[in-house]
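Beneath this line is the structure, given in structure tokens, with notes to follow.
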Amino acid sequence: MNYEVTHTTTYNYRDPVSLSHHVLRMTPRGLAHQRCLSHEVQIDPPPAVVKPHFDYFDNAVTFVTLEGAHKRLTVKSTSKVLVTHPFLPIPAETPAWETVREFSRGLQIGPSLEACEFIFNSPLVKTVEKFADYARPSFVKDRPILEAVLDLTRRIYGNFKFDNKATTISTPLEEVFKNRAGVCQDFAQLQIACLRSLGLPARYVSGYIETQPPPGRPRLAGADASHAWLAFYCHGLGWIDVDPTNNMLPTTRHITLAWGRDYSDVSPLRGVILGSGNHSLKVAVDVLPVL
């Protein structure tokens with residue numbers, strides 16, 4: 001499936017900003033089942049400094065500096081991406097989850113050892129016993145790991161309500177767990193916390209998902225949104241993506257931007273400004289299939 005993705009972010013400042021620095025993570029990753037055919041970013045006002053690089057997790061990053069007074073900042077990212085069907089193992093044929101945990105204790109080399117860093121606490125995800133307790137009914141003795149993860153995914157989908165007014169970026173995960181409500185970012189980080197609390201590697205994935213309008217209604221420009229899910233590591237199979245917001249294994253409708261320990265590692269746009277502290281934010285995303 002070919003997609004054209006447009007992601008436009010606009011900041012309006014109450015007072016002029018004289019200097020700002022921003023970090024952008026808006027370039028789709030290259031994967032076995034995903035290829036970024038083209039990518040460009042338009043920034044208004046034009047930045048004085050543009051420095052591309054790759055971060056610790058090999059995500060494409062662009063650092064920009066804007067100089068001179070401005071009351072509005074617009075960042076428009078346009079990408080063309082080819083997504084094919086990823087390999088999806090048969091759940092019952094995956095290793096027992098306890099076996100995966102043993103391979104994730106730093107006793108191996110190669111990818112299994114590299115995955116171990118995604119077991120530990122991160123800025124927004126802490127391993128605590130209540131998350132392990134919530135996960136345990138899905139992780140019975142000797143259960144194949146993908147069966148267990150899918151069962152946990154189904155439970156999060158059924159037990160938590162999607163409510164974009166229930167949380168903000170700064171809402172603690174413990175509050176999400178208590179209130180049983182949140183958005184895709186919260187559900188991804190909750191499932192990551194559950195898996196890490198059992199000793200299983202899990203990482204946060206940011207990107208986009210193709211959405212469909214309700215039957216009989218036209219597709220609205222800018223009505224799509226950034227999306228988040230997670231991936232867990234299975235020795236011998238590698239990383240397997242899971243989407244608890246939609247209770248599914250991502251296939252050709254998901255477009256991967258970046259991954260890291262949690263949202264703090266992969267925010268599409270963040271920065272610091274010298275000037276106005278008050279601002280409004282508008283984000284518009286379009287994920288359009290291209291025939």
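Identifiers in the structure tokens: chain A, B, ... in order shown; residue index from 1 per chain; ligand index from 1 in order shown.
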I'd like the neighbourhood of segment 276-290 of chain A as a PDB file with C-alpha atoms, in the first residue's frame, where a residue qualifies if any of its atoms comes within 8 Å (using only C-alpha atoms), though same-chain residues fewer than 4 positions away should be ignored.
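Okay, out_21.pdb is ready:
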```pdb
ATOM      1  CA  MET A   1       0.000   0.000   0.000  1.00  0.00           C
ATOM      2  CA  ASN A   2       1.279   3.444  -0.968  1.00  0.00           C
ATOM      3  CA  TYR A   3       0.486   6.424   1.244  1.00  0.00           C
ATOM      4  CA  GLU A   4       0.984  10.155   1.193  1.00  0.00           C
ATOM      5  CA  VAL A   5       1.174  11.492   4.730  1.00  0.00           C
ATOM      6  CA  THR A   6       0.874  15.191   5.539  1.00  0.00           C
ATOM      7  CA  HIS A   7       1.479  16.282   9.131  1.00  0.00           C
ATOM      8  CA  THR A   8       1.064  20.009   9.803  1.00  0.00           C
ATOM      9  CA  THR A   9       1.758  21.561  13.205  1.00  0.00           C
ATOM     10  CA  THR A  10       1.014  25.237  13.861  1.00  0.00           C
ATOM     11  CA  TYR A  11       1.944  27.235  16.965  1.00  0.00           C
ATOM     12  CA  ASN A  12       0.400  30.668  17.485  1.00  0.00           C
ATOM     13  CA  TYR A  13       2.161  32.722  20.161  1.00  0.00           C
ATOM     14  CA  ARG A  14       0.499  35.484  22.151  1.00  0.00           C
ATOM     15  CA  ASP A  15       3.682  37.589  22.073  1.00  0.00           C
ATOM     16  CA  PRO A  16       6.567  37.512  19.591  1.00  0.00           C
ATOM     17  CA  VAL A  17       9.185  34.779  20.011  1.00  0.00           C
ATOM     18  CA  TYR A 208       0.311   7.104  11.825  1.00  0.00           C
ATOM     19  CA  ILE A 209      -2.680   4.927  11.031  1.00  0.00           C
ATOM     20  CA  GLU A 210      -4.989   5.133   8.057  1.00  0.00           C
ATOM     21  CA  THR A 211      -8.512   5.874   9.279  1.00  0.00           C
ATOM     22  CA  ALA A 221      -9.071  16.970   5.540  1.00  0.00           C
ATOM     23  CA  GLY A 222      -6.772  16.960   8.568  1.00  0.00           C
ATOM     24  CA  ALA A 223      -9.027  14.588  10.492  1.00  0.00           C
ATOM     25  CA  ASP A 224      -6.401  11.863  10.971  1.00  0.00           C
ATOM     26  CA  ALA A 225      -3.970  11.966  13.872  1.00  0.00           C
ATOM     27  CA  SER A 226      -0.617  10.734  15.053  1.00  0.00           C
TER      28      SER A 226
END
```
Notebook entry, point to check: Counting only C-alpha atoms, what is within 8 Å of segment 182-199 of chain A, bar same-chain residues fewer than 5 positions away, as a PyMOL selection string?
Noted result: chain A and resi 101+104+118-120+124-129+131-132+134-135+152-153+156+160-167+173+176-177+204+227-230+243-245+262-263
Residues near Ala48 of chain A, anyone? I mean within 12 Å using only C-alpha atoms, not counting same-chain ones fewer than 4 positions away, as a PDB file with N, CA and C atoms, in the first residue's frame.
```
ATOM      1  N   LEU A  19      13.653  33.809  19.619  1.00  0.00           N
ATOM      2  CA  LEU A  19      14.578  32.720  19.321  1.00  0.00           C
ATOM      3  C   LEU A  19      13.942  31.406  19.755  1.00  0.00           C
ATOM      4  N   SER A  20      14.088  30.373  18.925  1.00  0.00           N
ATOM      5  CA  SER A  20      13.561  29.056  19.317  1.00  0.00           C
ATOM      6  C   SER A  20      14.396  27.942  18.712  1.00  0.00           C
ATOM      7  N   HIS A  21      14.468  26.840  19.446  1.00  0.00           N
ATOM      8  CA  HIS A  21      15.161  25.642  18.988  1.00  0.00           C
ATOM      9  C   HIS A  21      14.151  24.497  19.006  1.00  0.00           C
ATOM     10  N   HIS A  22      14.150  23.671  17.972  1.00  0.00           N
ATOM     11  CA  HIS A  22      13.180  22.588  17.876  1.00  0.00           C
ATOM     12  C   HIS A  22      13.850  21.316  17.375  1.00  0.00           C
ATOM     13  N   ILE A  43       9.163  24.708   6.771  1.00  0.00           N
ATOM     14  CA  ILE A  43       9.078  25.421   8.039  1.00  0.00           C
ATOM     15  C   ILE A  43       8.927  26.912   7.758  1.00  0.00           C
ATOM     16  N   ASP A  44       7.931  27.516   8.384  1.00  0.00           N
ATOM     17  CA  ASP A  44       7.669  28.945   8.234  1.00  0.00           C
ATOM     18  C   ASP A  44       7.504  29.575   9.624  1.00  0.00           C
ATOM     19  N   PHE A  63      17.316  18.950  13.764  1.00  0.00           N
ATOM     20  CA  PHE A  63      17.390  20.052  14.727  1.00  0.00           C
ATOM     21  C   PHE A  63      17.338  21.365  13.957  1.00  0.00           C
ATOM     22  N   VAL A  64      16.454  22.287  14.383  1.00  0.00           N
ATOM     23  CA  VAL A  64      16.337  23.577  13.698  1.00  0.00           C
ATOM     24  C   VAL A  64      16.371  24.715  14.712  1.00  0.00           C
ATOM     25  N   THR A  65      16.890  25.841  14.269  1.00  0.00           N
ATOM     26  CA  THR A  65      16.903  27.066  15.065  1.00  0.00           C
ATOM     27  C   THR A  65      16.247  28.178  14.264  1.00  0.00           C
ATOM     28  N   LEU A  66      15.314  28.885  14.912  1.00  0.00           N
ATOM     29  CA  LEU A  66      14.666  30.040  14.285  1.00  0.00           C
ATOM     30  C   LEU A  66      15.123  31.298  15.004  1.00  0.00           C
ATOM     31  N   GLU A  67      15.569  32.275  14.221  1.00  0.00           N
ATOM     32  CA  GLU A  67      16.023  33.554  14.756  1.00  0.00           C
ATOM     33  C   GLU A  67      15.166  34.677  14.189  1.00  0.00           C
ATOM     34  N   GLY A  68      14.896  35.686  14.987  1.00  0.00           N
ATOM     35  CA  GLY A  68      14.051  36.793  14.538  1.00  0.00           C
ATOM     36  C   GLY A  68      12.639  36.644  15.083  1.00  0.00           C
TER      37      GLY A  68
END
```
Next item on the list: Identify all residues of segment 1-232 of chain A in strand (DSSP E) (DSSP on the backbone) and supply them as a ChimeraX atom specification.
Entry: /A:2-24,34-44,49-54,60-83,161-162,181-182,202-209,226-232
Could you please take those selected residues and save C-alpha atoms as a PDB file, in the first residue's frame?
```
ATOM      1  CA  ASN A   2       1.279   3.444  -0.968  1.00  0.00           C
ATOM      2  CA  TYR A   3       0.486   6.424   1.244  1.00  0.00           C
ATOM      3  CA  GLU A   4       0.984  10.155   1.193  1.00  0.00           C
ATOM      4  CA  VAL A   5       1.174  11.492   4.730  1.00  0.00           C
ATOM      5  CA  THR A   6       0.874  15.191   5.539  1.00  0.00           C
ATOM      6  CA  HIS A   7       1.479  16.282   9.131  1.00  0.00           C
ATOM      7  CA  THR A   8       1.064  20.009   9.803  1.00  0.00           C
ATOM      8  CA  THR A   9       1.758  21.561  13.205  1.00  0.00           C
ATOM      9  CA  THR A  10       1.014  25.237  13.861  1.00  0.00           C
ATOM     10  CA  TYR A  11       1.944  27.235  16.965  1.00  0.00           C
ATOM     11  CA  ASN A  12       0.400  30.668  17.485  1.00  0.00           C
ATOM     12  CA  TYR A  13       2.161  32.722  20.161  1.00  0.00           C
ATOM     13  CA  ARG A  14       0.499  35.484  22.151  1.00  0.00           C
ATOM     14  CA  ASP A  15       3.682  37.589  22.073  1.00  0.00           C
ATOM     15  CA  PRO A  16       6.567  37.512  19.591  1.00  0.00           C
ATOM     16  CA  VAL A  17       9.185  34.779  20.011  1.00  0.00           C
ATOM     17  CA  SER A  18      12.701  36.038  19.340  1.00  0.00           C
ATOM     18  CA  LEU A  19      14.578  32.720  19.321  1.00  0.00           C
ATOM     19  CA  SER A  20      13.561  29.056  19.317  1.00  0.00           C
ATOM     20  CA  HIS A  21      15.161  25.642  18.988  1.00  0.00           C
ATOM     21  CA  HIS A  22      13.180  22.588  17.876  1.00  0.00           C
ATOM     22  CA  VAL A  23      13.764  18.867  17.394  1.00  0.00           C
ATOM     23  CA  LEU A  24      11.722  17.080  14.714  1.00  0.00           C
ATOM     24  CA  GLN A  34       8.163  -0.184   4.961  1.00  0.00           C
ATOM     25  CA  ARG A  35      10.032   2.130   2.610  1.00  0.00           C
ATOM     26  CA  CYS A  36      10.057   5.917   2.711  1.00  0.00           C
ATOM     27  CA  LEU A  37       9.955   6.969  -0.946  1.00  0.00           C
ATOM     28  CA  SER A  38      10.257  10.708  -0.277  1.00  0.00           C
ATOM     29  CA  HIS A  39      10.156  13.129   2.619  1.00  0.00           C
ATOM     30  CA  GLU A  40      10.324  16.893   2.970  1.00  0.00           C
ATOM     31  CA  VAL A  41       9.673  19.423   5.716  1.00  0.00           C
ATOM     32  CA  GLN A  42       8.566  23.009   5.133  1.00  0.00           C
ATOM     33  CA  ILE A  43       9.078  25.421   8.039  1.00  0.00           C
ATOM     34  CA  ASP A  44       7.669  28.945   8.234  1.00  0.00           C
ATOM     35  CA  VAL A  49      19.979  26.440  11.233  1.00  0.00           C
ATOM     36  CA  VAL A  50      18.980  22.956  10.015  1.00  0.00           C
ATOM     37  CA  LYS A  51      20.995  19.958  11.210  1.00  0.00           C
ATOM     38  CA  PRO A  52      19.845  16.390  10.436  1.00  0.00           C
ATOM     39  CA  HIS A  53      21.200  13.436  12.396  1.00  0.00           C
ATOM     40  CA  PHE A  54      20.190  10.053  13.849  1.00  0.00           C
ATOM     41  CA  ALA A  60      15.927  10.325  11.821  1.00  0.00           C
ATOM     42  CA  VAL A  61      16.067  13.664  13.660  1.00  0.00           C
ATOM     43  CA  THR A  62      16.238  17.255  12.425  1.00  0.00           C
ATOM     44  CA  PHE A  63      17.390  20.052  14.727  1.00  0.00           C
ATOM     45  CA  VAL A  64      16.337  23.577  13.698  1.00  0.00           C
ATOM     46  CA  THR A  65      16.903  27.066  15.065  1.00  0.00           C
ATOM     47  CA  LEU A  66      14.666  30.040  14.285  1.00  0.00           C
ATOM     48  CA  GLU A  67      16.023  33.554  14.756  1.00  0.00           C
ATOM     49  CA  GLY A  68      14.051  36.793  14.538  1.00  0.00           C
ATOM     50  CA  ALA A  69      10.707  37.747  16.025  1.00  0.00           C
ATOM     51  CA  HIS A  70       7.742  35.608  14.985  1.00  0.00           C
ATOM     52  CA  LYS A  71       4.244  35.024  16.361  1.00  0.00           C
ATOM     53  CA  ARG A  72       3.514  31.851  14.415  1.00  0.00           C
ATOM     54  CA  LEU A  73       5.444  28.695  13.612  1.00  0.00           C
ATOM     55  CA  THR A  74       4.242  26.191  11.007  1.00  0.00           C
ATOM     56  CA  VAL A  75       5.951  22.866  10.397  1.00  0.00           C
ATOM     57  CA  LYS A  76       4.582  20.817   7.489  1.00  0.00           C
ATOM     58  CA  SER A  77       5.951  17.329   6.923  1.00  0.00           C
ATOM     59  CA  THR A  78       5.059  15.470   3.705  1.00  0.00           C
ATOM     60  CA  SER A  79       6.045  11.851   3.150  1.00  0.00           C
ATOM     61  CA  LYS A  80       5.367   9.179   0.559  1.00  0.00           C
ATOM     62  CA  VAL A  81       5.595   5.700   2.051  1.00  0.00           C
ATOM     63  CA  LEU A  82       5.258   2.164   0.733  1.00  0.00           C
ATOM     64  CA  VAL A  83       3.965  -0.339   3.321  1.00  0.00           C
ATOM     65  CA  LYS A 161     -12.070   3.743  27.522  1.00  0.00           C
ATOM     66  CA  PHE A 162     -10.670   5.877  24.721  1.00  0.00           C
ATOM     67  CA  ALA A 181      -9.324   5.991  30.404  1.00  0.00           C
ATOM     68  CA  GLY A 182      -6.872   7.634  28.047  1.00  0.00           C
ATOM     69  CA  ALA A 202       8.869  -3.683  25.127  1.00  0.00           C
ATOM     70  CA  ARG A 203       9.348  -0.401  23.286  1.00  0.00           C
ATOM     71  CA  TYR A 204       7.139   2.542  22.311  1.00  0.00           C
ATOM     72  CA  VAL A 205       6.360   3.127  18.635  1.00  0.00           C
ATOM     73  CA  SER A 206       5.077   6.385  17.150  1.00  0.00           C
ATOM     74  CA  GLY A 207       3.561   6.808  13.727  1.00  0.00           C
ATOM     75  CA  TYR A 208       0.311   7.104  11.825  1.00  0.00           C
ATOM     76  CA  ILE A 209      -2.680   4.927  11.031  1.00  0.00           C
ATOM     77  CA  SER A 226      -0.617  10.734  15.053  1.00  0.00           C
ATOM     78  CA  HIS A 227      -0.828   7.270  16.521  1.00  0.00           C
ATOM     79  CA  ALA A 228       1.110   5.176  19.023  1.00  0.00           C
ATOM     80  CA  TRP A 229       1.478   1.491  19.715  1.00  0.00           C
ATOM     81  CA  LEU A 230       4.207  -0.802  21.042  1.00  0.00           C
ATOM     82  CA  ALA A 231       6.457  -3.679  20.060  1.00  0.00           C
ATOM     83  CA  PHE A 232       7.689  -6.549  22.244  1.00  0.00           C
TER      84      PHE A 232
END
```
Next item on the list: State, in Å with one decimal place, the distance from atom CA of Tyr157 of chain A to atom CA of Thr94 of chain A.
Entry: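 Atom CA of Thr94 of chain A lies at a distance of 22.4 Å from atom CA of Tyr157 of chain A.
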Item checked: Residues within 12 Å of Glu114 of chain A, only C-alpha atoms, excluding chain neighbours under 3 positions, as a ChimeraX atom specification -> /A:57,103-111,117-119,201-203,233,235,238-239
Let me see the file: selected residues, C-alpha atoms, as a CSV table (one decimal), in the first residue's frame.
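The resulting file, result_6.csv, is shown below:
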```
chain,number,residue,atom,x,y,z
A,57,PHE,CA,17.6,4.5,18.5
A,103,PHE,CA,16.6,-14.9,26.9
A,104,SER,CA,16.0,-11.3,28.0
A,105,ARG,CA,18.2,-11.3,31.1
A,106,GLY,CA,21.4,-10.2,29.4
A,107,LEU,CA,22.8,-13.8,29.0
A,108,GLN,CA,22.7,-13.7,25.2
A,109,ILE,CA,24.5,-11.7,22.5
A,110,GLY,CA,23.2,-9.9,19.4
A,111,PRO,CA,19.6,-8.6,19.2
A,117,GLU,CA,17.6,-2.2,27.6
A,118,PHE,CA,13.8,-2.1,27.0
A,119,ILE,CA,13.1,-4.0,30.2
A,201,PRO,CA,11.3,-6.2,26.6
A,202,ALA,CA,8.9,-3.7,25.1
A,203,ARG,CA,9.3,-0.4,23.3
A,233,TYR,CA,10.8,-8.7,21.6
A,235,HIS,CA,13.9,-14.3,20.8
A,238,GLY,CA,12.5,-10.2,16.6
A,239,TRP,CA,10.2,-7.3,17.4
```
Check: When distances are computed from only C-alpha atoms, which of A:Met26, A:Tyr56, A:Leu150, A:Phe87 shows the smallest separation from Asn246 of chain A?
Finding: A:Leu150
Margin query: As an exercise, work out the distance from atom CA of Val242 of chain A to atom CA of Leu146 of chain A in Å and give it to one decimal place.
Written below: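 Value for the atom CA of Val242 of chain A-atom CA of Leu146 of chain A distance: 9.7 Å.
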Item checked: Nearby residues (only C-alpha atoms) at most 6 Å from Trp97 of chain A, same-chain spacing under 3 positions excluded, as a ChimeraX atom specification -> /A:100,144-145
Please save N, CA and C atoms of the selected residues as a PDB file, in the first residue's frame.
```
ATOM      1  N   VAL A 100      11.138 -16.605  26.695  1.00  0.00           N
ATOM      2  CA  VAL A 100      11.530 -15.281  26.197  1.00  0.00           C
ATOM      3  C   VAL A 100      12.115 -14.453  27.337  1.00  0.00           C
ATOM      4  N   PRO A 144       2.253 -19.615  25.038  1.00  0.00           N
ATOM      5  CA  PRO A 144       3.019 -18.962  23.964  1.00  0.00           C
ATOM      6  C   PRO A 144       2.940 -17.440  24.097  1.00  0.00           C
ATOM      7  N   ILE A 145       4.073 -16.782  23.910  1.00  0.00           N
ATOM      8  CA  ILE A 145       4.124 -15.364  24.249  1.00  0.00           C
ATOM      9  C   ILE A 145       3.172 -14.518  23.411  1.00  0.00           C
TER      10      ILE A 145
END
```
Margin query: Using only C-alpha atoms, can you tell me which of A:Ala96, A:Leu88, A:Leu274, A:Ile169 comes closest to Glu147 of chain A?
Written below: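 Once distances to Glu147 of chain A are computed over only C-alpha atoms, the minimum belongs to A:Ala96.
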Checklist line | Every residue of segment 84-186 of chain A that DSSP places in alpha helix (DSSP H), as a PyMOL selection string | finding: chain A and resi 97-103+111-115+129-135+145-159+173-179+184-186
I need the chosen residues saved as a PDB file, in the first residue's frame, with C-alpha atoms.
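File written: selection.pdb
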```pdb
ATOM      1  CA  TRP A  97       6.735 -16.378  27.525  1.00  0.00           C
ATOM      2  CA  GLU A  98       8.990 -17.660  30.346  1.00  0.00           C
ATOM      3  CA  THR A  99      11.518 -18.757  27.718  1.00  0.00           C
ATOM      4  CA  VAL A 100      11.530 -15.281  26.197  1.00  0.00           C
ATOM      5  CA  ARG A 101      12.033 -13.787  29.664  1.00  0.00           C
ATOM      6  CA  GLU A 102      15.067 -16.013  30.234  1.00  0.00           C
ATOM      7  CA  PHE A 103      16.590 -14.913  26.924  1.00  0.00           C
ATOM      8  CA  PRO A 111      19.618  -8.602  19.167  1.00  0.00           C
ATOM      9  CA  SER A 112      18.499 -10.407  22.340  1.00  0.00           C
ATOM     10  CA  LEU A 113      21.106  -8.525  24.369  1.00  0.00           C
ATOM     11  CA  GLU A 114      20.258  -5.218  22.672  1.00  0.00           C
ATOM     12  CA  ALA A 115      16.574  -5.731  23.514  1.00  0.00           C
ATOM     13  CA  GLU A 129       3.912  -4.802  40.930  1.00  0.00           C
ATOM     14  CA  LYS A 130       0.382  -3.623  40.156  1.00  0.00           C
ATOM     15  CA  PHE A 131       1.140  -3.649  36.438  1.00  0.00           C
ATOM     16  CA  ALA A 132       2.566  -7.163  36.722  1.00  0.00           C
ATOM     17  CA  ASP A 133      -0.531  -8.221  38.676  1.00  0.00           C
ATOM     18  CA  TYR A 134      -2.796  -6.842  35.949  1.00  0.00           C
ATOM     19  CA  ALA A 135      -0.851  -8.734  33.267  1.00  0.00           C
ATOM     20  CA  ILE A 145       4.124 -15.364  24.249  1.00  0.00           C
ATOM     21  CA  LEU A 146       2.122 -13.977  21.325  1.00  0.00           C
ATOM     22  CA  GLU A 147      -1.048 -15.620  22.658  1.00  0.00           C
ATOM     23  CA  ALA A 148      -0.371 -14.026  26.038  1.00  0.00           C
ATOM     24  CA  VAL A 149       0.391 -10.585  24.600  1.00  0.00           C
ATOM     25  CA  LEU A 150      -2.719 -10.651  22.401  1.00  0.00           C
ATOM     26  CA  ASP A 151      -4.851 -11.592  25.401  1.00  0.00           C
ATOM     27  CA  LEU A 152      -3.406  -8.686  27.384  1.00  0.00           C
ATOM     28  CA  THR A 153      -4.022  -6.421  24.378  1.00  0.00           C
ATOM     29  CA  ARG A 154      -7.654  -7.537  24.250  1.00  0.00           C
ATOM     30  CA  ARG A 155      -8.117  -6.887  27.964  1.00  0.00           C
ATOM     31  CA  ILE A 156      -6.666  -3.371  27.783  1.00  0.00           C
ATOM     32  CA  TYR A 157      -8.906  -2.648  24.794  1.00  0.00           C
ATOM     33  CA  GLY A 158     -11.959  -3.865  26.693  1.00  0.00           C
ATOM     34  CA  ASN A 159     -11.165  -2.455  30.145  1.00  0.00           C
ATOM     35  CA  LEU A 173       0.564   6.260  34.029  1.00  0.00           C
ATOM     36  CA  GLU A 174      -0.710   5.364  37.499  1.00  0.00           C
ATOM     37  CA  GLU A 175      -3.579   7.828  36.994  1.00  0.00           C
ATOM     38  CA  VAL A 176      -4.425   6.299  33.610  1.00  0.00           C
ATOM     39  CA  PHE A 177      -4.504   2.879  35.254  1.00  0.00           C
ATOM     40  CA  LYS A 178      -6.709   4.099  38.082  1.00  0.00           C
ATOM     41  CA  ASN A 179      -9.226   5.966  35.894  1.00  0.00           C
ATOM     42  CA  CYS A 184      -3.291   5.673  22.295  1.00  0.00           C
ATOM     43  CA  GLN A 185      -0.158   7.033  23.986  1.00  0.00           C
ATOM     44  CA  ASP A 186      -1.489   5.961  27.383  1.00  0.00           C
TER      45      ASP A 186
END
```
Item checked: Surrounding residues of Ser264 of chain A excluding itself and chain neighbours under 3 positions, 8 Å, only C-alpha atoms, as a ChimeraX atom specification -> /A:123-124,261,267
Selected residues, C-alpha atoms, written as a PDB file, in the first residue's frame, please.
```pdb
ATOM      1  CA  PRO A 123      11.037   8.517  32.192  1.00  0.00           C
ATOM      2  CA  LEU A 124       7.324   7.821  31.635  1.00  0.00           C
ATOM      3  CA  ARG A 261      11.612   3.715  25.547  1.00  0.00           C
ATOM      4  CA  SER A 267       7.865  13.222  20.317  1.00  0.00           C
TER       5      SER A 267
END
```
Check: Which residue, A:Arg143, A:Arg270, A:Thr168, A:Ala32, has the smallest gap to His85 of chain A when you use only C-alpha atoms?
Finding: A:Ala32
